file final.csv (CSV, C-alpha atoms)
chain,number,residue,atom,x,y,z
I,6,MET,CA,-62.7,-207.2,-166.1
I,7,LYS,CA,-66.3,-205.9,-165.9
I,8,GLU,CA,-66.6,-206.7,-162.2
I,9,LEU,CA,-63.6,-204.5,-161.3
I,10,GLN,CA,-64.6,-201.7,-163.6
I,11,ASP,CA,-68.1,-201.6,-162.2
I,12,ARG,CA,-66.7,-201.5,-158.7
I,13,ILE,CA,-64.4,-198.7,-159.6
I,14,ARG,CA,-67.3,-196.7,-161.0
I,15,ARG,CA,-69.3,-197.4,-157.9
I,16,ASP,CA,-66.8,-197.1,-155.0
I,17,GLY,CA,-63.7,-195.3,-156.5
I,18,ARG,CA,-63.1,-191.6,-156.0
I,19,VAL,CA,-61.3,-189.4,-158.5
I,20,LEU,CA,-59.3,-186.7,-156.9
I,21,ALA,CA,-57.4,-183.8,-158.4
I,22,GLY,CA,-54.0,-184.5,-159.9
I,23,GLY,CA,-54.8,-187.8,-161.6
I,24,ILE,CA,-55.4,-189.6,-158.4
I,25,LEU,CA,-57.9,-192.5,-158.2
I,26,LYS,CA,-58.7,-193.7,-154.7
I,27,VAL,CA,-59.8,-197.3,-154.5
I,28,ASP,CA,-58.9,-197.9,-150.9
I,29,ASP,CA,-62.5,-199.0,-150.0
I,30,PHE,CA,-62.2,-202.3,-151.8
I,31,LEU,CA,-58.7,-202.8,-153.4
I,32,ASN,CA,-55.7,-201.6,-151.5
I,33,VAL,CA,-56.5,-200.6,-147.8
I,34,ARG,CA,-59.8,-202.3,-147.2
I,35,ILE,CA,-59.9,-205.4,-149.5
I,36,ASP,CA,-62.9,-207.2,-150.8
I,37,PRO,CA,-61.6,-210.8,-150.7
I,38,VAL,CA,-64.1,-212.2,-153.2
I,39,LEU,CA,-63.3,-209.5,-155.8
I,40,MET,CA,-59.6,-210.1,-155.1
I,41,ASP,CA,-60.1,-213.8,-155.6
I,42,HIS,CA,-61.7,-213.1,-159.0
I,43,ILE,CA,-58.9,-210.8,-159.9
I,44,GLY,CA,-56.3,-213.6,-159.3
I,45,LYS,CA,-58.3,-216.0,-161.4
I,46,GLU,CA,-58.6,-213.5,-164.2
I,47,PHE,CA,-54.8,-212.9,-164.2
I,48,ALA,CA,-54.2,-216.6,-164.2
I,49,ARG,CA,-56.4,-216.9,-167.3
I,50,LEU,CA,-54.8,-214.0,-169.1
I,51,PHE,CA,-51.2,-215.4,-168.5
I,52,GLU,CA,-52.0,-219.1,-168.7
I,53,LYS,CA,-49.9,-219.6,-171.8
I,54,ASP,CA,-46.9,-217.6,-170.5
I,55,LYS,CA,-45.3,-220.5,-168.5
I,56,VAL,CA,-45.1,-218.5,-165.3
I,57,THR,CA,-42.9,-220.1,-162.6
I,58,MET,CA,-43.4,-217.3,-159.9
I,59,VAL,CA,-45.2,-214.1,-159.2
I,60,LEU,CA,-43.3,-211.0,-158.1
I,61,THR,CA,-44.7,-207.8,-156.5
I,62,ILE,CA,-43.8,-204.9,-154.2
I,63,GLU,CA,-45.1,-204.5,-150.6
I,64,ALA,CA,-47.8,-203.6,-149.5
I,65,SER,CA,-50.7,-203.1,-151.8
I,66,GLY,CA,-49.4,-205.5,-154.5
I,67,ILE,CA,-49.4,-208.4,-152.1
I,68,ALA,CA,-53.2,-209.3,-152.1
I,69,PRO,CA,-53.6,-209.4,-156.0
I,70,ALA,CA,-50.2,-211.1,-156.3
I,71,TYR,CA,-51.2,-213.8,-153.8
I,72,SER,CA,-54.5,-214.5,-155.4
I,73,THR,CA,-52.8,-214.8,-158.8
I,74,ALA,CA,-50.1,-217.1,-157.4
I,75,LEU,CA,-52.7,-219.3,-155.8
I,76,ALA,CA,-54.7,-219.5,-159.1
I,77,LEU,CA,-51.5,-220.3,-161.0
I,78,ASP,CA,-50.1,-222.6,-158.3
I,79,VAL,CA,-46.7,-220.9,-158.2
I,80,PRO,CA,-44.9,-219.2,-155.4
I,81,LEU,CA,-45.2,-215.4,-154.7
I,82,VAL,CA,-42.3,-213.2,-153.7
I,83,PHE,CA,-42.7,-209.6,-152.6
I,84,ALA,CA,-40.0,-207.0,-152.8
I,85,LYS,CA,-39.4,-204.8,-149.8
I,86,LYS,CA,-39.1,-201.1,-149.9
I,87,ALA,CA,-36.2,-199.5,-148.2
I,88,ARG,CA,-35.0,-195.9,-148.0
I,89,SER,CA,-31.6,-197.0,-149.0
I,90,ALA,CA,-30.4,-200.4,-149.9
I,91,ASN,CA,-27.5,-202.0,-148.1
I,92,LEU,CA,-25.8,-202.6,-151.5
I,93,GLY,CA,-22.7,-204.1,-149.8
I,94,GLN,CA,-24.7,-207.3,-149.4
I,95,GLY,CA,-24.4,-209.7,-152.4
I,96,ASP,CA,-27.4,-211.6,-151.4
I,97,VAL,CA,-30.1,-209.2,-152.6
I,98,TYR,CA,-31.1,-207.8,-155.9
I,99,SER,CA,-32.1,-204.2,-155.8
I,100,ALA,CA,-33.5,-201.4,-158.0
I,101,ARG,CA,-34.2,-197.7,-157.6
I,102,VAL,CA,-37.9,-196.7,-157.9
I,103,ARG,CA,-39.6,-193.4,-157.9
I,104,SER,CA,-42.9,-193.2,-156.1
I,105,PHE,CA,-45.7,-191.5,-158.0
I,106,THR,CA,-47.6,-190.9,-154.7
I,107,TYR,CA,-44.8,-189.5,-152.6
I,108,GLY,CA,-42.5,-188.0,-155.2
I,109,ARG,CA,-39.3,-189.5,-153.7
I,110,ASP,CA,-37.0,-192.4,-154.6
I,111,TYR,CA,-36.8,-195.6,-152.7
I,112,ASP,CA,-35.0,-199.0,-153.3
I,113,ILE,CA,-36.7,-202.3,-153.7
I,114,LEU,CA,-35.0,-205.4,-152.5
I,115,VAL,CA,-35.5,-209.1,-153.3
I,116,PRO,CA,-33.3,-211.8,-151.7
I,117,SER,CA,-31.3,-213.2,-154.6
I,118,ARG,CA,-32.0,-216.9,-153.7
I,119,PHE,CA,-35.7,-216.3,-154.5
I,120,ILE,CA,-35.2,-215.8,-158.3
I,121,THR,CA,-33.1,-218.1,-160.5
I,122,SER,CA,-32.1,-217.8,-164.1
I,123,ALA,CA,-34.7,-220.6,-164.9
I,124,ASP,CA,-37.6,-218.5,-163.7
I,125,ARG,CA,-40.3,-216.9,-165.8
I,126,VAL,CA,-41.6,-214.2,-163.6
I,127,LEU,CA,-45.1,-212.6,-163.7
I,128,ILE,CA,-45.1,-209.1,-162.2
I,129,ILE,CA,-48.4,-208.2,-160.5
I,130,ASP,CA,-49.3,-204.8,-159.0
I,131,ASP,CA,-52.4,-202.9,-158.0
I,132,PHE,CA,-51.7,-199.8,-160.1
I,133,LEU,CA,-49.7,-198.9,-163.3
I,134,ALA,CA,-49.2,-195.2,-163.8
I,135,ASN,CA,-45.7,-194.1,-164.8
I,136,GLY,CA,-44.5,-197.7,-164.5
I,137,PHE,CA,-41.7,-197.0,-162.1
I,138,ALA,CA,-42.5,-200.0,-159.9
I,139,ALA,CA,-42.9,-202.5,-162.7
I,140,ARG,CA,-39.8,-201.3,-164.4
I,141,GLY,CA,-37.8,-201.7,-161.2
I,142,LEU,CA,-39.1,-205.2,-160.8
I,143,ASN,CA,-38.3,-206.0,-164.4
I,144,GLU,CA,-34.8,-204.7,-163.8
I,145,ILE,CA,-34.4,-207.1,-160.8
I,146,ILE,CA,-35.6,-210.0,-163.0
I,147,HIS,CA,-33.0,-209.2,-165.6
I,148,GLU,CA,-30.3,-208.8,-162.9
I,149,ALA,CA,-31.2,-212.4,-161.8
I,150,GLY,CA,-30.9,-213.7,-165.4
I,151,ALA,CA,-34.5,-214.7,-165.3
I,152,GLU,CA,-37.3,-213.8,-167.9
I,153,THR,CA,-40.3,-211.5,-167.4
I,154,ALA,CA,-43.3,-213.6,-168.4
I,155,GLY,CA,-45.6,-210.6,-168.3
I,156,VAL,CA,-47.0,-207.7,-166.2
I,157,GLY,CA,-50.5,-207.7,-164.8
I,158,VAL,CA,-52.0,-204.7,-163.1
I,159,CYS,CA,-55.5,-204.3,-161.6
I,160,ILE,CA,-55.7,-200.7,-162.8
I,161,ALA,CA,-53.7,-198.9,-165.5
I,162,LYS,CA,-53.9,-195.1,-166.0
I,163,CYS,CA,-53.3,-195.1,-169.8
I,164,PHE,CA,-53.0,-191.3,-169.8
I,165,GLN,CA,-49.7,-191.8,-168.0
I,166,PRO,CA,-46.7,-193.4,-169.8
I,167,GLY,CA,-46.2,-196.6,-167.9
I,168,MET,CA,-48.2,-199.0,-170.0
I,169,LYS,CA,-46.7,-197.7,-173.3
I,170,LEU,CA,-43.1,-197.9,-171.9
I,171,LEU,CA,-43.6,-201.5,-170.8
I,172,GLU,CA,-45.1,-202.6,-174.1
I,173,GLU,CA,-42.3,-200.9,-176.0
I,174,GLU,CA,-39.9,-203.2,-174.1
I,175,GLY,CA,-41.8,-206.1,-175.7
I,176,LEU,CA,-43.6,-207.1,-172.5
I,177,HIS,CA,-47.0,-208.8,-172.4
I,178,VAL,CA,-49.0,-206.3,-170.3
I,179,GLU,CA,-52.6,-206.8,-169.1
I,180,ALA,CA,-54.7,-204.3,-167.2
I,181,LEU,CA,-58.0,-205.5,-165.7
I,182,ALA,CA,-59.3,-201.9,-165.8
I,183,ALA,CA,-57.4,-199.6,-168.3
I,184,ILE,CA,-58.5,-196.0,-167.8
I,185,GLU,CA,-58.3,-193.7,-170.8
I,186,ALA,CA,-59.5,-190.6,-169.0
I,187,MET,CA,-61.1,-189.7,-165.7
I,188,ASP,CA,-62.4,-186.6,-163.9
I,189,GLU,CA,-65.0,-185.9,-161.3
I,190,ASN,CA,-67.7,-186.6,-163.9
I,191,GLY,CA,-66.7,-190.1,-164.6
I,192,ILE,CA,-64.2,-192.6,-165.9
I,193,VAL,CA,-63.6,-193.9,-169.4
I,194,PHE,CA,-62.3,-197.4,-169.6
I,195,ARG,CA,-60.4,-198.8,-172.7
I,196,GLU,CA,-62.0,-201.9,-174.3
I,197,MET,CA,-60.4,-205.1,-173.1
I,198,LYS,CA,-58.0,-206.6,-175.7
I,199,SER,CA,-57.8,-210.2,-174.4
I,200,GLY,CA,-61.1,-211.4,-175.4
I,201,GLU,CA,-64.1,-212.6,-173.4
I,202,GLU,CA,-63.6,-213.2,-169.7
I,203,LYS,CA,-64.8,-216.5,-168.3
H,4,MET,CA,-51.5,-227.0,-137.6
H,5,LYS,CA,-49.3,-229.9,-138.5
H,6,GLU,CA,-48.7,-228.7,-142.1
H,7,LEU,CA,-47.3,-225.4,-140.9
H,8,GLN,CA,-45.2,-227.0,-138.1
H,9,ASP,CA,-43.7,-229.5,-140.5
H,10,ARG,CA,-42.8,-226.8,-142.9
H,11,ILE,CA,-41.2,-224.7,-140.2
H,12,ARG,CA,-39.1,-227.7,-139.1
H,13,ARG,CA,-38.1,-228.3,-142.7
H,14,ASP,CA,-37.5,-224.8,-144.1
H,15,GLY,CA,-37.3,-222.5,-141.1
H,16,ARG,CA,-34.0,-221.3,-139.8
H,17,VAL,CA,-33.3,-220.5,-136.1
H,18,LEU,CA,-30.9,-217.7,-135.7
H,19,ALA,CA,-29.3,-216.3,-132.5
H,20,GLY,CA,-31.3,-213.9,-130.4
H,21,GLY,CA,-34.6,-215.7,-130.6
H,22,ILE,CA,-35.0,-215.1,-134.4
H,23,LEU,CA,-36.9,-217.6,-136.5
H,24,LYS,CA,-36.6,-217.0,-140.3
H,25,VAL,CA,-39.5,-218.3,-142.3
H,26,ASP,CA,-39.0,-216.1,-145.3
H,27,ASP,CA,-38.7,-219.0,-147.7
H,28,PHE,CA,-42.4,-219.9,-147.5
H,29,LEU,CA,-44.4,-217.5,-145.2
H,30,ASN,CA,-43.4,-213.9,-145.3
H,31,VAL,CA,-41.1,-212.9,-148.2
H,32,ARG,CA,-41.6,-215.9,-150.6
H,33,ILE,CA,-45.1,-217.2,-149.9
H,34,ASP,CA,-46.3,-220.7,-150.7
H,35,PRO,CA,-49.9,-219.9,-151.7
H,36,VAL,CA,-51.3,-223.4,-151.1
H,37,LEU,CA,-49.9,-223.4,-147.5
H,38,MET,CA,-51.3,-219.8,-147.1
H,39,ASP,CA,-54.7,-220.9,-148.4
H,40,HIS,CA,-54.8,-223.7,-145.8
H,41,ILE,CA,-53.7,-221.3,-143.1
H,42,GLY,CA,-56.7,-219.0,-143.9
H,43,LYS,CA,-59.1,-222.0,-143.9
H,44,GLU,CA,-57.7,-223.1,-140.5
H,45,PHE,CA,-58.2,-219.6,-139.0
H,46,ALA,CA,-61.7,-219.5,-140.3
H,47,ARG,CA,-62.4,-222.9,-138.6
H,48,LEU,CA,-60.8,-221.8,-135.3
H,49,PHE,CA,-62.8,-218.5,-135.2
H,50,GLU,CA,-66.0,-219.7,-136.9
H,51,LYS,CA,-68.1,-219.1,-133.7
H,52,ASP,CA,-66.7,-215.7,-133.0
H,53,LYS,CA,-69.1,-213.7,-135.3
H,54,VAL,CA,-66.2,-212.0,-137.1
H,55,THR,CA,-67.3,-209.1,-139.4
H,56,MET,CA,-63.8,-208.0,-140.6
H,57,VAL,CA,-60.2,-209.0,-140.5
H,58,LEU,CA,-57.5,-206.5,-139.4
H,59,THR,CA,-53.7,-206.8,-139.9
H,60,ILE,CA,-50.6,-204.7,-140.4
H,61,GLU,CA,-48.6,-204.3,-143.6
H,62,ALA,CA,-46.7,-206.1,-145.1
H,63,SER,CA,-46.2,-209.7,-143.9
H,64,GLY,CA,-49.7,-209.9,-142.3
H,65,ILE,CA,-51.5,-209.2,-145.5
H,66,ALA,CA,-51.3,-212.7,-147.1
H,67,PRO,CA,-52.6,-214.7,-144.1
H,68,ALA,CA,-55.2,-212.0,-143.3
H,69,TYR,CA,-56.4,-212.1,-146.9
H,70,SER,CA,-56.7,-215.9,-147.0
H,71,THR,CA,-58.6,-215.8,-143.7
H,72,ALA,CA,-60.9,-213.0,-144.9
H,73,LEU,CA,-61.7,-215.0,-148.0
H,74,ALA,CA,-62.4,-218.1,-146.0
H,75,LEU,CA,-64.7,-216.2,-143.6
H,76,ASP,CA,-66.2,-214.1,-146.5
H,77,VAL,CA,-65.6,-210.8,-144.6
H,78,PRO,CA,-63.5,-207.7,-145.7
H,79,LEU,CA,-59.9,-207.3,-144.8
H,80,VAL,CA,-58.3,-204.0,-143.7
H,81,PHE,CA,-54.6,-203.5,-143.3
H,82,ALA,CA,-53.0,-200.8,-141.1
H,83,LYS,CA,-50.2,-198.8,-142.6
H,84,LYS,CA,-47.0,-198.2,-140.8
H,85,ALA,CA,-45.7,-194.6,-140.5
H,86,ARG,CA,-42.7,-193.1,-138.8
H,87,SER,CA,-45.0,-190.5,-137.2
H,88,ALA,CA,-48.7,-190.2,-137.6
H,89,ASN,CA,-50.4,-187.0,-138.7
H,90,LEU,CA,-52.4,-187.0,-135.5
H,91,GLY,CA,-54.1,-183.7,-136.5
H,92,GLN,CA,-56.3,-185.7,-138.9
H,93,GLY,CA,-59.5,-186.9,-137.3
H,94,ASP,CA,-60.1,-189.5,-140.0
H,95,VAL,CA,-57.6,-192.1,-138.9
H,96,TYR,CA,-57.2,-194.3,-135.8
H,97,SER,CA,-53.6,-194.7,-134.7
H,98,ALA,CA,-51.5,-196.6,-132.1
H,99,ARG,CA,-47.8,-196.6,-131.3
H,100,VAL,CA,-46.1,-199.9,-131.8
H,101,ARG,CA,-42.6,-201.1,-130.9
H,102,SER,CA,-40.9,-203.3,-133.5
H,103,PHE,CA,-39.2,-206.4,-132.1
H,104,THR,CA,-37.1,-206.7,-135.3
H,105,TYR,CA,-35.9,-203.1,-135.5
H,106,GLY,CA,-36.1,-201.9,-131.9
H,107,ARG,CA,-37.7,-198.6,-132.7
H,108,ASP,CA,-41.3,-197.3,-132.5
H,109,TYR,CA,-43.6,-196.6,-135.3
H,110,ASP,CA,-47.3,-195.6,-135.7
H,111,ILE,CA,-49.9,-197.8,-137.2
H,112,LEU,CA,-52.8,-196.0,-139.0
H,113,VAL,CA,-56.3,-197.2,-140.1
H,114,PRO,CA,-58.8,-194.9,-141.8
H,115,SER,CA,-61.6,-194.5,-139.3
H,116,ARG,CA,-64.4,-195.2,-141.8
H,117,PHE,CA,-63.2,-198.8,-142.1
H,118,ILE,CA,-64.1,-199.8,-138.5
H,119,THR,CA,-67.5,-199.1,-137.0
H,120,SER,CA,-68.7,-199.8,-133.5
H,121,ALA,CA,-70.8,-202.6,-134.8
H,122,ASP,CA,-67.7,-204.6,-136.0
H,123,ARG,CA,-66.3,-207.7,-134.4
H,124,VAL,CA,-62.7,-207.7,-135.6
H,125,LEU,CA,-60.4,-210.6,-136.0
H,126,ILE,CA,-56.7,-209.6,-135.8
H,127,ILE,CA,-54.4,-211.8,-138.0
H,128,ASP,CA,-50.6,-211.6,-138.2
H,129,ASP,CA,-47.7,-213.8,-139.2
H,130,PHE,CA,-45.8,-213.6,-135.9
H,131,LEU,CA,-46.6,-213.1,-132.2
H,132,ALA,CA,-43.6,-212.4,-130.0
H,133,ASN,CA,-43.9,-209.5,-127.5
H,134,GLY,CA,-47.4,-208.8,-128.9
H,135,PHE,CA,-46.7,-205.1,-129.6
H,136,ALA,CA,-48.4,-205.2,-133.1
H,137,ALA,CA,-51.5,-207.1,-131.9
H,138,ARG,CA,-51.9,-204.9,-128.9
H,139,GLY,CA,-51.6,-201.8,-131.1
H,140,LEU,CA,-54.3,-203.2,-133.4
H,141,ASN,CA,-56.5,-204.1,-130.3
H,142,GLU,CA,-56.1,-200.5,-129.1
H,143,ILE,CA,-57.3,-199.2,-132.5
H,144,ILE,CA,-60.3,-201.5,-132.3
H,145,HIS,CA,-61.2,-200.1,-128.9
H,146,GLU,CA,-60.7,-196.6,-130.1
H,147,ALA,CA,-63.3,-197.3,-132.8
H,148,GLY,CA,-65.7,-198.7,-130.2
H,149,ALA,CA,-65.6,-202.1,-131.9
H,150,GLU,CA,-65.0,-205.5,-130.4
H,151,THR,CA,-62.0,-207.7,-130.8
H,152,ALA,CA,-63.3,-211.1,-131.8
H,153,GLY,CA,-59.9,-212.8,-131.5
H,154,VAL,CA,-56.3,-212.9,-132.4
H,155,GLY,CA,-54.9,-215.4,-134.9
H,156,VAL,CA,-51.2,-215.8,-135.5
H,157,CYS,CA,-49.3,-218.2,-137.8
H,158,ILE,CA,-46.4,-218.5,-135.4
H,159,ALA,CA,-46.3,-217.6,-131.7
H,160,LYS,CA,-43.1,-217.6,-129.7
H,161,CYS,CA,-44.4,-218.6,-126.3
H,162,PHE,CA,-41.1,-217.9,-124.6
H,163,GLN,CA,-41.8,-214.2,-125.2
H,164,PRO,CA,-44.7,-212.5,-123.3
H,165,GLY,CA,-47.1,-211.5,-126.2
H,166,MET,CA,-49.4,-214.5,-126.0
H,167,LYS,CA,-49.8,-214.4,-122.3
H,168,LEU,CA,-50.4,-210.7,-122.2
H,169,LEU,CA,-53.2,-211.0,-124.9
H,170,GLU,CA,-54.8,-213.9,-123.0
H,171,GLU,CA,-54.7,-211.9,-119.8
H,172,GLU,CA,-56.8,-209.3,-121.6
H,173,GLY,CA,-59.4,-212.0,-122.1
H,174,LEU,CA,-58.8,-212.4,-125.8
H,175,HIS,CA,-59.3,-215.6,-127.7
H,176,VAL,CA,-55.8,-216.2,-129.1
H,177,GLU,CA,-55.0,-219.0,-131.6
H,178,ALA,CA,-51.5,-219.8,-132.9
H,179,LEU,CA,-51.1,-222.4,-135.7
H,180,ALA,CA,-47.6,-223.1,-134.6
H,181,ALA,CA,-46.9,-222.2,-130.9
H,182,ILE,CA,-43.2,-222.5,-130.1
H,183,GLU,CA,-42.2,-223.4,-126.6
H,184,ALA,CA,-38.5,-223.4,-127.2
H,185,MET,CA,-36.1,-223.4,-130.1
H,186,ASP,CA,-32.4,-223.4,-130.8
H,187,GLU,CA,-30.1,-224.6,-133.6
H,188,ASN,CA,-30.8,-228.2,-132.6
H,189,GLY,CA,-34.6,-228.0,-133.1
H,190,ILE,CA,-37.9,-226.5,-132.3
H,191,VAL,CA,-40.4,-227.6,-129.6
H,192,PHE,CA,-44.0,-226.9,-130.4
H,193,ARG,CA,-46.8,-226.7,-127.8
H,194,GLU,CA,-49.7,-229.1,-128.3
H,195,MET,CA,-52.7,-227.6,-130.1
H,196,LYS,CA,-55.5,-226.6,-127.7
H,197,SER,CA,-58.4,-226.3,-130.2
H,198,GLY,CA,-58.9,-230.0,-131.0
H,199,GLU,CA,-58.4,-231.9,-134.1
H,200,GLU,CA,-57.9,-230.1,-137.4
H,201,LYS,CA,-60.0,-230.9,-140.3
call {"tool": "encode", "arguments": {"input": "final.csv", "output": "structure tokens"}}
result
Amino acid sequence: MKELQDRIRRDGRVLAGGILKVDDFLNVRIDPVLMDHIGKEFARLFEKDKVTMVLTIEASGIAPAYSTALALDVPLVFAKKARSANLGQGDVYSARVRSFTYGRDYDILVPSRFITSADRVLIIDDFLANGFAARGLNEIIHEAGAETAGVGVCIAKCFQPGMKLLEEEGLHVEALAAIEAMDENGIVFREMKSGEEK
Amino acid sequence: MKELQDRIRRDGRVLAGGILKVDDFLNVRIDPVLMDHIGKEFARLFEKDKVTMVLTIEASGIAPAYSTALALDVPLVFAKKARSANLGQGDVYSARVRSFTYGRDYDILVPSRFITSADRVLIIDDFLANGFAARGLNEIIHEAGAETAGVGVCIAKCFQPGMKLLEEEGLHVEALAAIEAMDENGIVFREMKSGEEK
């Protein structure tokens, strides 16, 4: 998605350790017009995947997941993060996720009544790096007996293993800005695979 | 906003202790069409308030704040919650907030470069009860030397002191569903004060 890639080049900041900060427009301060276009682009990329709901994780996944859900006209559910799940409760699905940013584990929780075995679930998130979050959501979808219709991320760091791992599981993965390499001198984006954007 | 009030009557659940659960459509599973209408209604209610940005707190404030920011065509910023702020950093504004749900304090943090003294800030949140969150955001806006253009909440519990406290500070407060009283037999909404909806 050229609009997102141009914005990353203009307003993103590459820090040491493979960190890309996009908090000026994507995940702390949000440009709503850009986010609206992101949602419409995900809806276009997954329009043939018979999506019945969108699933994400709080907090920075909520805006792109919402704009996608609106464009697809399906409900959105966001998983909550918890330091430790109350696993005694039978009314939530949970998965253990490692945080790339903070280097510690947390649990993600989704009330079980919000995913049924009839659902085809589109996972949306702002970033894909090691894929821990997306794989945790995928685990919850399987736990519910539902199907994962695909995974859409605003930004994928292709030099980390997440995208490859998800594709090896046979998932349809789309990144609007797929980064092959980056350093303080610039960012190299992978060519888009899903044809021309509208 | 009749659409929201009707939905609360239909799908909300009143629990003991003044708790109203709306997680089926507003703050865990989100109906994107309802949320889009909520954003447009806030934009209508605050259209004369010269809003330059929308401010909320993660996580359940993000969806209504985003739909409002899109309708007003201004950026959205969300404050992060932290157990304890790193107050040594001069690059964030912070305020201490008490959680109604969990009964413990937390800090909310906003990078200082995201609010300038020229901003007129609209606070948006899903719930207003004791008003701790909105008052914390209002404190951050003052810390930045900016002005609070108003406070918009999807649901206000008028039997708790938040709405009155904010109005006593001279703030323009709008609730799309203002609850006077509720129990297991039903919910009594206050009449809307801002005239006919579109």
call {"tool": "closest_residue", "arguments": {"input": "final.csv", "among": "H:Leu75, H:Leu18, H:Val25, H:Met4", "to": "chain I", "atoms": "all atoms listed in the file"}}
result
H:Leu75
call {"tool": "residues_around", "arguments": {"input": "final.csv", "residues": "region 37-40 of chain I", "least_positions_apart": "5", "cutoff": "9 Å", "atoms": "only C-alpha atoms", "output": "short mmCIF file (atom, residue, chain, number, x, y, z; two decimals) with C-alpha atoms, in the frame of the given file"}}
result
data_model
loop_
_atom_site.label_atom_id
_atom_site.label_comp_id
_atom_site.auth_asym_id
_atom_site.auth_seq_id
_atom_site.Cartn_x
_atom_site.Cartn_y
_atom_site.Cartn_z
CA GLU I 8 -66.60 -206.70 -162.20
CA LEU I 9 -63.60 -204.50 -161.30
CA PHE I 30 -62.20 -202.30 -151.80
CA LEU I 31 -58.70 -202.80 -153.40
CA LYS I 45 -58.30 -216.00 -161.40
CA ALA I 68 -53.20 -209.30 -152.10
CA PRO I 69 -53.60 -209.40 -156.00
CA SER I 72 -54.50 -214.50 -155.40
CA TYR H 69 -56.40 -212.10 -146.90
CA SER H 70 -56.70 -215.90 -147.00
CA ALA H 72 -60.90 -213.00 -144.90
CA LEU H 73 -61.70 -215.00 -148.00
CA ALA H 74 -62.40 -218.10 -146.00
CA ASP H 76 -66.20 -214.10 -146.50
CA VAL H 77 -65.60 -210.80 -144.60
CA PRO H 78 -63.50 -207.70 -145.70
CA LEU H 79 -59.90 -207.30 -144.80
#
call {"tool": "closest_residue", "arguments": {"input": "final.csv", "among": "H:Ala149, H:Ile143, H:Leu48, H:Met56", "to": "Val176 (chain H)", "atoms": "only C-alpha atoms"}}
result
H:Leu48
call {"tool": "residues_around", "arguments": {"input": "final.csv", "residues": "Asp131 (chain I)", "least_positions_apart": "3", "cutoff": "10 Å", "atoms": "only C-alpha atoms", "output": "list of chain:residue names"}}
result
I:Val27, I:Leu31, I:Asn32, I:Thr61, I:Ile62, I:Ala64, I:Ser65, I:Gly66, I:Ile67, I:Ala68, I:Pro69, I:Ala70, I:Gly157, I:Val158, I:Cys159, I:Ile160, I:Ala161, I:Ala180, I:Leu181
call {"tool": "residues_around", "arguments": {"input": "final.csv", "residues": "Leu60 (chain I)", "least_positions_apart": "5", "cutoff": "7 Å", "atoms": "all atoms listed in the file", "output": "PyMOL selection string"}}
result
chain I and resi 81-83+126-129
call {"tool": "closest_residue", "arguments": {"input": "final.csv", "among": "H:Phe45, H:Glu142, H:Ser120, H:Asp27", "to": "Arg13 (chain H)", "atoms": "all atoms listed in the file"}}
result
H:Asp27
call {"tool": "atom_distance", "arguments": {"input": "final.csv", "atom1": "CA of Arg103 (chain I)", "atom2": "CA of Lys26 (chain I)"}}
result
19.4 Å
call {"tool": "residues_around", "arguments": {"input": "final.csv", "residues": "Asn135 (chain I)", "least_positions_apart": "3", "cutoff": "6 Å", "atoms": "all atoms listed in the file", "output": "compact mmCIF listing (two decimals) with C-alpha atoms, keeping the file's coordinate frame"}}
result
# COMPACT_ATOMS: atom_id res chain seq x y z
CA GLN I 165 -49.70 -191.80 -168.00
CA PRO I 166 -46.70 -193.40 -169.80
CA GLY I 167 -46.20 -196.60 -167.90
call {"tool": "closest_residue", "arguments": {"input": "final.csv", "among": "I:Val193, I:Ile113, I:Ala149, I:Val56", "to": "Arg14 (chain I)", "atoms": "only C-alpha atoms"}}
result
I:Val193
call {"tool": "atom_distance", "arguments": {"input": "final.csv", "atom1": "CA of Asp11 (chain I)", "atom2": "CA of Leu133 (chain I)"}}
result
18.6 Å
call {"tool": "atom_distance", "arguments": {"input": "final.csv", "atom1": "CA of Gly153 (chain H)", "atom2": "CA of Leu112 (chain H)"}}
result
19.7 Å
call {"tool": "residues_around", "arguments": {"input": "final.csv", "residues": "region 139-143 of chain I", "least_positions_apart": "2", "cutoff": "7 Å", "atoms": "all atoms listed in the file", "output": "PDB file with C-alpha atoms, keeping the file's coordinate frame"}}
result
ATOM      1  CA  ALA I 100     -33.500-201.400-158.000  1.00  0.00           C
ATOM      2  CA  ARG I 101     -34.200-197.700-157.600  1.00  0.00           C
ATOM      3  CA  VAL I 102     -37.900-196.700-157.900  1.00  0.00           C
ATOM      4  CA  ILE I 128     -45.100-209.100-162.200  1.00  0.00           C
ATOM      5  CA  GLY I 136     -44.500-197.700-164.500  1.00  0.00           C
ATOM      6  CA  PHE I 137     -41.700-197.000-162.100  1.00  0.00           C
ATOM      7  CA  ILE I 145     -34.400-207.100-160.800  1.00  0.00           C
ATOM      8  CA  ILE I 146     -35.600-210.000-163.000  1.00  0.00           C
ATOM      9  CA  HIS I 147     -33.000-209.200-165.600  1.00  0.00           C
ATOM     10  CA  THR I 153     -40.300-211.500-167.400  1.00  0.00           C
TER      11      THR I 153
END
call {"tool": "residues_near_point", "arguments": {"input": "final.csv", "point": "(-42.9, -219.9, -124.5)", "cutoff": "10 Å", "atoms": "all atoms listed in the file", "output": "compact mmCIF listing (two decimals) with C-alpha atoms, keeping the file's coordinate frame"}}
result
# COMPACT_ATOMS: atom_id res chain seq x y z
CA ALA H 132 -43.60 -212.40 -130.00
CA ALA H 159 -46.30 -217.60 -131.70
CA LYS H 160 -43.10 -217.60 -129.70
CA CYS H 161 -44.40 -218.60 -126.30
CA PHE H 162 -41.10 -217.90 -124.60
CA GLN H 163 -41.80 -214.20 -125.20
CA PRO H 164 -44.70 -212.50 -123.30
CA GLY H 165 -47.10 -211.50 -126.20
CA MET H 166 -49.40 -214.50 -126.00
CA LYS H 167 -49.80 -214.40 -122.30
CA ALA H 181 -46.90 -222.20 -130.90
CA ILE H 182 -43.20 -222.50 -130.10
CA GLU H 183 -42.20 -223.40 -126.60
CA ALA H 184 -38.50 -223.40 -127.20
CA MET H 185 -36.10 -223.40 -130.10
CA VAL H 191 -40.40 -227.60 -129.60
CA PHE H 192 -44.00 -226.90 -130.40
CA ARG H 193 -46.80 -226.70 -127.80
